[in-house]
>>> print(open('run-v6.pdb').read())   # PDB, N, CA, C and O atoms
ATOM      1  N   MET Y1048     -33.135-138.216  24.688
ATOM      2  CA  MET Y1048     -33.926-139.445  24.749
ATOM      3  C   MET Y1048     -33.868-140.217  23.434
ATOM      4  O   MET Y1048     -33.925-141.425  23.423
ATOM      5  N   SER Y1049     -33.736-139.498  22.335
ATOM      6  CA  SER Y1049     -33.719-140.193  21.050
ATOM      7  C   SER Y1049     -32.459-141.039  20.888
ATOM      8  O   SER Y1049     -32.482-142.061  20.200
ATOM      9  N   GLY Y1050     -31.343-140.621  21.513
ATOM     10  CA  GLY Y1050     -30.132-141.427  21.441
ATOM     11  C   GLY Y1050     -30.293-142.764  22.132
ATOM     12  O   GLY Y1050     -29.810-143.790  21.659
ATOM     13  N   ILE Y1051     -31.008-142.750  23.260
ATOM     14  CA  ILE Y1051     -31.257-144.008  23.977
ATOM     15  C   ILE Y1051     -32.152-144.920  23.146
ATOM     16  O   ILE Y1051     -31.894-146.121  23.030
ATOM     17  N   LEU Y1052     -33.187-144.342  22.532
ATOM     18  CA  LEU Y1052     -34.079-145.148  21.694
ATOM     19  C   LEU Y1052     -33.347-145.711  20.472
ATOM     20  O   LEU Y1052     -33.565-146.861  20.095
ATOM     21  N   THR Y1053     -32.480-144.904  19.887
ATOM     22  CA  THR Y1053     -31.691-145.386  18.742
ATOM     23  C   THR Y1053     -30.787-146.534  19.156
ATOM     24  O   THR Y1053     -30.645-147.520  18.436
ATOM     25  N   SER Y1054     -30.176-146.423  20.350
ATOM     26  CA  SER Y1054     -29.318-147.504  20.835
ATOM     27  C   SER Y1054     -30.118-148.774  21.086
ATOM     28  O   SER Y1054     -29.679-149.874  20.743
ATOM     29  N   LEU Y1055     -31.304-148.625  21.676
ATOM     30  CA  LEU Y1055     -32.134-149.803  21.935
ATOM     31  C   LEU Y1055     -32.590-150.463  20.638
ATOM     32  O   LEU Y1055     -32.535-151.692  20.504
ATOM     33  N   CYS Y1056     -33.032-149.656  19.674
ATOM     34  CA  CYS Y1056     -33.442-150.212  18.381
ATOM     35  C   CYS Y1056     -32.254-150.840  17.663
ATOM     36  O   CYS Y1056     -32.390-151.888  17.026
ATOM     37  N   GLY Y1057     -31.092-150.205  17.776
ATOM     38  CA  GLY Y1057     -29.894-150.780  17.171
ATOM     39  C   GLY Y1057     -29.534-152.113  17.790
ATOM     40  O   GLY Y1057     -29.073-153.027  17.103
ATOM     41  N   GLY Y1058     -29.752-152.241  19.090
ATOM     42  CA  GLY Y1058     -29.517-153.524  19.749
ATOM     43  C   GLY Y1058     -30.430-154.606  19.212
ATOM     44  O   GLY Y1058     -30.010-155.747  19.000
ATOM     45  N   LEU Y1059     -31.689-154.251  18.967
ATOM     46  CA  LEU Y1059     -32.619-155.230  18.397
ATOM     47  C   LEU Y1059     -32.216-155.616  16.974
ATOM     48  O   LEU Y1059     -32.282-156.785  16.606
ATOM     49  N   VAL Y1060     -31.783-154.632  16.186
ATOM     50  CA  VAL Y1060     -31.324-154.921  14.820
ATOM     51  C   VAL Y1060     -30.072-155.793  14.859
ATOM     52  O   VAL Y1060     -29.917-156.725  14.072
ATOM     53  N   LEU Y1061     -29.177-155.501  15.814
ATOM     54  CA  LEU Y1061     -27.958-156.296  15.961
ATOM     55  C   LEU Y1061     -28.286-157.741  16.314
ATOM     56  O   LEU Y1061     -27.739-158.681  15.727
ATOM     57  N   ILE Y1062     -29.212-157.941  17.238
ATOM     58  CA  ILE Y1062     -29.605-159.303  17.628
ATOM     59  C   ILE Y1062     -30.262-160.026  16.460
ATOM     60  O   ILE Y1062     -29.969-161.200  16.195
ATOM     61  N   ALA Y1063     -31.148-159.332  15.740
ATOM     62  CA  ALA Y1063     -31.815-159.961  14.598
ATOM     63  C   ALA Y1063     -30.804-160.300  13.502
ATOM     64  O   ALA Y1063     -30.880-161.374  12.897
ATOM     65  N   GLY Y1064     -29.859-159.410  13.251
ATOM     66  CA  GLY Y1064     -28.843-159.689  12.243
ATOM     67  C   GLY Y1064     -27.964-160.855  12.624
ATOM     68  O   GLY Y1064     -27.564-161.659  11.779
ATOM     69  N   TRP Y1065     -27.659-160.969  13.918
ATOM     70  CA  TRP Y1065     -26.839-162.080  14.388
ATOM     71  C   TRP Y1065     -27.611-163.391  14.314
ATOM     72  O   TRP Y1065     -27.085-164.437  13.939
ATOM     73  N   GLN Y1066     -28.903-163.330  14.681
ATOM     74  CA  GLN Y1066     -29.749-164.527  14.686
ATOM     75  C   GLN Y1066     -29.907-165.108  13.279
ATOM     76  O   GLN Y1066     -29.870-166.313  13.087
ATOM     77  N   TYR Y1067     -30.095-164.226  12.294
ATOM     78  CA  TYR Y1067     -30.367-164.694  10.937
ATOM     79  C   TYR Y1067     -29.144-164.647  10.027
ATOM     80  O   TYR Y1067     -29.254-164.769   8.826
ATOM     81  N   ARG Y1068     -27.968-164.401  10.621
ATOM     82  CA  ARG Y1068     -26.687-164.431   9.907
ATOM     83  C   ARG Y1068     -26.599-163.384   8.787
ATOM     84  O   ARG Y1068     -26.024-163.644   7.737
ATOM     85  N   HIS Y1069     -27.227-162.215   9.013
ATOM     86  CA  HIS Y1069     -27.116-161.124   8.043
ATOM     87  C   HIS Y1069     -26.046-160.169   8.536
ATOM     88  O   HIS Y1069     -26.232-159.452   9.515
ATOM     89  N   ARG Y1070     -24.907-160.159   7.865
ATOM     90  CA  ARG Y1070     -23.783-159.337   8.323
ATOM     91  C   ARG Y1070     -24.067-157.849   8.180
ATOM     92  O   ARG Y1070     -23.665-157.055   9.013
ATOM     93  N   VAL Y1071     -24.752-157.472   7.106
ATOM     94  CA  VAL Y1071     -25.039-156.048   6.888
ATOM     95  C   VAL Y1071     -25.977-155.533   7.984
ATOM     96  O   VAL Y1071     -25.761-154.455   8.540
ATOM     97  N   ALA Y1072     -27.007-156.303   8.314
ATOM     98  CA  ALA Y1072     -27.929-155.898   9.372
ATOM     99  C   ALA Y1072     -27.207-155.835  10.714
ATOM    100  O   ALA Y1072     -27.455-154.930  11.514
ATOM    101  N   GLY Y1073     -26.317-156.765  10.965
ATOM    102  CA  GLY Y1073     -25.541-156.740  12.203
ATOM    103  C   GLY Y1073     -24.649-155.528  12.290
ATOM    104  O   GLY Y1073     -24.523-154.897  13.338
ATOM    105  N   LEU Y1074     -24.022-155.157  11.173
ATOM    106  CA  LEU Y1074     -23.160-153.976  11.144
ATOM    107  C   LEU Y1074     -23.966-152.698  11.341
ATOM    108  O   LEU Y1074     -23.564-151.802  12.084
ATOM    109  N   ILE Y1075     -25.131-152.622  10.699
ATOM    110  CA  ILE Y1075     -26.001-151.453  10.876
ATOM    111  C   ILE Y1075     -26.459-151.361  12.327
ATOM    112  O   ILE Y1075     -26.477-150.278  12.921
ATOM    113  N   GLY Y1076     -26.819-152.482  12.920
ATOM    114  CA  GLY Y1076     -27.228-152.487  14.326
ATOM    115  C   GLY Y1076     -26.109-152.042  15.246
ATOM    116  O   GLY Y1076     -26.337-151.280  16.190
ATOM    117  N   LEU Y1077     -24.896-152.503  14.976
ATOM    118  CA  LEU Y1077     -23.751-152.105  15.793
ATOM    119  C   LEU Y1077     -23.496-150.604  15.693
ATOM    120  O   LEU Y1077     -23.243-149.934  16.688
ATOM    121  N   LEU Y1078     -23.597-150.057  14.484
ATOM    122  CA  LEU Y1078     -23.439-148.616  14.309
ATOM    123  C   LEU Y1078     -24.547-147.846  15.017
ATOM    124  O   LEU Y1078     -24.303-146.800  15.617
ATOM    125  N   MET Y1079     -25.782-148.372  14.967
ATOM    126  CA  MET Y1079     -26.895-147.706  15.644
ATOM    127  C   MET Y1079     -26.707-147.718  17.153
ATOM    128  O   MET Y1079     -27.176-146.826  17.855
ATOM    129  N   VAL Y1080     -26.042-148.736  17.674
ATOM    130  CA  VAL Y1080     -25.792-148.795  19.113
ATOM    131  C   VAL Y1080     -24.672-147.840  19.506
ATOM    132  O   VAL Y1080     -24.772-147.113  20.499
ATOM    133  N   LEU Y1081     -23.592-147.798  18.726
ATOM    134  CA  LEU Y1081     -22.403-147.044  19.132
ATOM    135  C   LEU Y1081     -22.450-145.558  18.802
ATOM    136  O   LEU Y1081     -21.979-144.740  19.595
ATOM    137  N   LEU Y1082     -22.979-145.191  17.644
ATOM    138  CA  LEU Y1082     -22.909-143.797  17.220
ATOM    139  C   LEU Y1082     -23.636-142.809  18.134
ATOM    140  O   LEU Y1082     -23.113-141.726  18.375
ATOM    141  N   PRO Y1083     -24.818-143.128  18.665
ATOM    142  CA  PRO Y1083     -25.452-142.154  19.567
ATOM    143  C   PRO Y1083     -24.613-141.854  20.808
ATOM    144  O   PRO Y1083     -24.647-140.738  21.318
ATOM    145  N   TRP Y1084     -23.850-142.818  21.276
ATOM    146  CA  TRP Y1084     -23.017-142.585  22.467
ATOM    147  C   TRP Y1084     -21.862-141.639  22.163
ATOM    148  O   TRP Y1084     -21.312-141.015  23.061
ATOM    149  N   LEU Y1085     -21.492-141.521  20.889
ATOM    150  CA  LEU Y1085     -20.406-140.620  20.520
ATOM    151  C   LEU Y1085     -20.889-139.198  20.256
ATOM    152  O   LEU Y1085     -20.141-138.249  20.464
ATOM    153  N   PHE Y1086     -22.132-139.039  19.821
ATOM    154  CA  PHE Y1086     -22.588-137.730  19.360
ATOM    155  C   PHE Y1086     -23.673-137.094  20.226
ATOM    156  O   PHE Y1086     -23.994-135.935  20.016
ATOM    157  N   ASP Y1087     -24.264-137.823  21.158
ATOM    158  CA  ASP Y1087     -25.324-137.261  21.994
ATOM    159  C   ASP Y1087     -24.723-136.797  23.318
ATOM    160  O   ASP Y1087     -24.150-137.595  24.061
ATOM    161  N   SER Y1088     -24.854-135.519  23.614
ATOM    162  CA  SER Y1088     -24.208-134.964  24.810
ATOM    163  C   SER Y1088     -24.815-135.522  26.095
ATOM    164  O   SER Y1088     -24.114-135.710  27.088
ATOM    165  N   ARG Y1089     -26.120-135.806  26.094
ATOM    166  CA  ARG Y1089     -26.735-136.370  27.308
ATOM    167  C   ARG Y1089     -26.207-137.774  27.593
ATOM    168  O   ARG Y1089     -25.957-138.132  28.735
ATOM    169  N   LEU Y1090     -26.054-138.560  26.539
ATOM    170  CA  LEU Y1090     -25.517-139.906  26.726
ATOM    171  C   LEU Y1090     -24.055-139.854  27.168
ATOM    172  O   LEU Y1090     -23.627-140.666  27.990
ATOM    173  N   GLN Y1091     -23.299-138.906  26.639
ATOM    174  CA  GLN Y1091     -21.907-138.754  27.065
ATOM    175  C   GLN Y1091     -21.838-138.352  28.534
ATOM    176  O   GLN Y1091     -20.971-138.820  29.272
ATOM    177  N   ALA Y1092     -22.762-137.495  28.967
ATOM    178  CA  ALA Y1092     -22.793-137.097  30.378
ATOM    179  C   ALA Y1092     -23.140-138.286  31.271
ATOM    180  O   ALA Y1092     -22.534-138.468  32.333
ATOM    181  N   MET Y1093     -24.083-139.118  30.825
ATOM    182  CA  MET Y1093     -24.443-140.307  31.606
ATOM    183  C   MET Y1093     -23.261-141.274  31.681
ATOM    184  O   MET Y1093     -22.995-141.867  32.724
ATOM    185  N   LEU Y1094     -22.575-141.431  30.570
ATOM    186  CA  LEU Y1094     -21.427-142.331  30.537
ATOM    187  C   LEU Y1094     -20.299-141.830  31.441
ATOM    188  O   LEU Y1094     -19.693-142.600  32.171
ATOM    189  N   GLY Y1095     -20.035-140.520  31.392
ATOM    190  CA  GLY Y1095     -19.027-139.925  32.261
ATOM    191  C   GLY Y1095     -19.381-140.065  33.730
ATOM    192  O   GLY Y1095     -18.524-140.363  34.568
ATOM    193  N   TYR Y1096     -20.652-139.884  34.050
ATOM    194  CA  TYR Y1096     -21.098-140.043  35.432
ATOM    195  C   TYR Y1096     -20.940-141.489  35.896
ATOM    196  O   TYR Y1096     -20.537-141.752  37.015
ATOM    197  N   ALA Y1097     -21.236-142.445  34.998
ATOM    198  CA  ALA Y1097     -21.127-143.853  35.361
ATOM    199  C   ALA Y1097     -19.675-144.256  35.623
ATOM    200  O   ALA Y1097     -19.392-145.049  36.522
ATOM    201  N   PHE Y1098     -18.750-143.698  34.849
ATOM    202  CA  PHE Y1098     -17.347-144.058  35.012
ATOM    203  C   PHE Y1098     -16.698-143.357  36.196
ATOM    204  O   PHE Y1098     -15.771-143.887  36.804
ATOM    205  N   HIS Y1099     -17.174-142.159  36.544
ATOM    206  CA  HIS Y1099     -16.529-141.390  37.608
ATOM    207  C   HIS Y1099     -17.255-141.498  38.939
ATOM    208  O   HIS Y1099     -16.841-140.881  39.904
ATOM    209  N   ALA Y1100     -18.304-142.299  38.992
ATOM    210  CA  ALA Y1100     -19.066-142.434  40.251
ATOM    211  C   ALA Y1100     -18.415-143.438  41.176
ATOM    212  O   ALA Y1100     -17.661-144.261  40.843
TER
END
>>> encode(input="run-v6.pdb", output="structure tokens")
Amino acid sequence: MSGILTSLCGGLVLIAGWQYRHRVAGLIGLLMVLLPWLFDSRLQAMLGYAFHA
């Protein structure tokens, strides 16, 4: 569950960074969105199920 929350918070940081033209905040938000999908086994299982369904 924490991976999903990290992705959601990262999405908000990404939007805020894009809105206010802060490249560092946008990059941090993008990393917060992508990294949990690479390292969280539950998220990987959900992603695999979505692609193979």
>>> residues_around(input="run-v6.pdb", residues="range 1082-1085 of chain Y", least_positions_apart="2", cutoff="7 Å", atoms="all atoms listed in the file", output="list in words")
Gly1050, Ile1051, Thr1053, Ser1054, Leu1077, Leu1078, Met1079, Val1080, Asp1087, Ser1088, Leu1090 and Gln1091 of chain Y
>>> closest_residue(input="run-v6.pdb", among="Y:His1099, Y:Leu1081, Y:Gly1076, Y:Leu1094", to="Gly1058 in chain Y", atoms="all atoms listed in the file")
Y:Gly1076
>>> atom_distance(input="run-v6.pdb", atom1="atom O of Ala1072 in chain Y", atom2="atom O of Leu1059 in chain Y")
7.3 Å
>>> closest_residue(input="run-v6.pdb", among="Y:Ala1092, Y:Phe1098, Y:Phe1086, Y:Gly1073", to="Leu1061 in chain Y", atoms="only N, CA, C and O atoms")
Y:Gly1073
>>> axis_aligned_box(input="run-v6.pdb", around="range 1075-1084 of chain Y", padding_each_side="8 Å", output="lines of an AutoDock Vina configuration file")
center_x = -24.3
center_y = -146.7
center_z = 16.9
size_x = 21.9
size_y = 27.9
size_z = 28.4
>>> atom_distance(input="run-v6.pdb", atom1="CA of Ile1075 in chain Y", atom2="CA of Gly1057 in chain Y")
7.4 Å
>>> atom_distance(input="run-v6.pdb", atom1="atom O of Arg1089 in chain Y", atom2="atom N of Leu1052 in chain Y")
11.4 Å
>>> build_atoms(input="run-v6.pdb", residues="range 1074-1085 of chain Y", atoms="all heavy atoms", output="short mmCIF file (atom, residue, chain, number, x, y, z; two decimals), in the frame of the given file")
data_model
loop_
_atom_site.label_atom_id
_atom_site.label_comp_id
_atom_site.auth_asym_id
_atom_site.auth_seq_id
_atom_site.Cartn_x
_atom_site.Cartn_y
_atom_site.Cartn_z
N LEU Y 1074 -24.02 -155.16 11.17
CA LEU Y 1074 -23.16 -153.98 11.14
C LEU Y 1074 -23.97 -152.70 11.34
O LEU Y 1074 -23.56 -151.80 12.08
CB LEU Y 1074 -22.40 -153.94 9.82
CG LEU Y 1074 -21.36 -152.84 9.67
CD1 LEU Y 1074 -20.27 -152.99 10.73
CD2 LEU Y 1074 -20.75 -152.88 8.29
N ILE Y 1075 -25.13 -152.62 10.70
CA ILE Y 1075 -26.00 -151.45 10.88
C ILE Y 1075 -26.46 -151.36 12.33
O ILE Y 1075 -26.48 -150.28 12.92
CB ILE Y 1075 -27.20 -151.53 9.91
CG1 ILE Y 1075 -26.72 -151.31 8.48
CG2 ILE Y 1075 -28.26 -150.50 10.27
CD1 ILE Y 1075 -27.77 -151.58 7.42
N GLY Y 1076 -26.82 -152.48 12.92
CA GLY Y 1076 -27.23 -152.49 14.33
C GLY Y 1076 -26.11 -152.04 15.25
O GLY Y 1076 -26.34 -151.28 16.19
N LEU Y 1077 -24.90 -152.50 14.98
CA LEU Y 1077 -23.75 -152.10 15.79
C LEU Y 1077 -23.50 -150.60 15.69
O LEU Y 1077 -23.24 -149.93 16.69
CB LEU Y 1077 -22.51 -152.89 15.36
CG LEU Y 1077 -21.26 -152.71 16.21
CD1 LEU Y 1077 -21.52 -153.20 17.63
CD2 LEU Y 1077 -20.11 -153.45 15.60
N LEU Y 1078 -23.60 -150.06 14.48
CA LEU Y 1078 -23.44 -148.62 14.31
C LEU Y 1078 -24.55 -147.85 15.02
O LEU Y 1078 -24.30 -146.80 15.62
CB LEU Y 1078 -23.42 -148.26 12.82
CG LEU Y 1078 -22.17 -148.66 12.06
CD1 LEU Y 1078 -22.33 -148.36 10.57
CD2 LEU Y 1078 -20.95 -147.96 12.62
N MET Y 1079 -25.78 -148.37 14.97
CA MET Y 1079 -26.90 -147.71 15.64
C MET Y 1079 -26.71 -147.72 17.15
O MET Y 1079 -27.18 -146.83 17.86
CB MET Y 1079 -28.22 -148.38 15.29
CG MET Y 1079 -28.73 -148.07 13.91
SD MET Y 1079 -30.23 -148.99 13.50
CE MET Y 1079 -31.42 -148.23 14.61
N VAL Y 1080 -26.04 -148.74 17.67
CA VAL Y 1080 -25.79 -148.79 19.11
C VAL Y 1080 -24.67 -147.84 19.51
O VAL Y 1080 -24.77 -147.11 20.50
CB VAL Y 1080 -25.45 -150.24 19.55
CG1 VAL Y 1080 -24.92 -150.28 20.97
CG2 VAL Y 1080 -26.68 -151.13 19.43
N LEU Y 1081 -23.59 -147.80 18.73
CA LEU Y 1081 -22.40 -147.04 19.13
C LEU Y 1081 -22.45 -145.56 18.80
O LEU Y 1081 -21.98 -144.74 19.60
CB LEU Y 1081 -21.16 -147.67 18.49
CG LEU Y 1081 -20.82 -149.08 18.95
CD1 LEU Y 1081 -19.60 -149.59 18.22
CD2 LEU Y 1081 -20.60 -149.12 20.45
N LEU Y 1082 -22.98 -145.19 17.64
CA LEU Y 1082 -22.91 -143.80 17.22
C LEU Y 1082 -23.64 -142.81 18.13
O LEU Y 1082 -23.11 -141.73 18.38
CB LEU Y 1082 -23.39 -143.66 15.77
CG LEU Y 1082 -22.40 -144.18 14.73
CD1 LEU Y 1082 -22.98 -144.01 13.33
CD2 LEU Y 1082 -21.06 -143.50 14.83
N PRO Y 1083 -24.82 -143.13 18.66
CA PRO Y 1083 -25.45 -142.15 19.57
C PRO Y 1083 -24.61 -141.85 20.81
O PRO Y 1083 -24.65 -140.74 21.32
CB PRO Y 1083 -26.77 -142.81 19.96
CG PRO Y 1083 -27.08 -143.72 18.85
CD PRO Y 1083 -25.74 -144.22 18.36
N TRP Y 1084 -23.85 -142.82 21.28
CA TRP Y 1084 -23.02 -142.58 22.47
C TRP Y 1084 -21.86 -141.64 22.16
O TRP Y 1084 -21.31 -141.01 23.06
CB TRP Y 1084 -22.50 -143.91 23.01
CG TRP Y 1084 -23.59 -144.74 23.60
CD1 TRP Y 1084 -24.29 -145.71 22.97
CD2 TRP Y 1084 -24.10 -144.66 24.93
NE1 TRP Y 1084 -25.22 -146.23 23.83
CE2 TRP Y 1084 -25.12 -145.62 25.04
CE3 TRP Y 1084 -23.79 -143.87 26.04
CZ2 TRP Y 1084 -25.84 -145.79 26.21
CZ3 TRP Y 1084 -24.51 -144.06 27.20
CH2 TRP Y 1084 -25.52 -145.00 27.28
N LEU Y 1085 -21.49 -141.52 20.89
CA LEU Y 1085 -20.41 -140.62 20.52
C LEU Y 1085 -20.89 -139.20 20.26
O LEU Y 1085 -20.14 -138.25 20.46
CB LEU Y 1085 -19.70 -141.15 19.26
CG LEU Y 1085 -19.03 -142.51 19.40
CD1 LEU Y 1085 -18.49 -142.97 18.06
CD2 LEU Y 1085 -17.93 -142.47 20.44
#
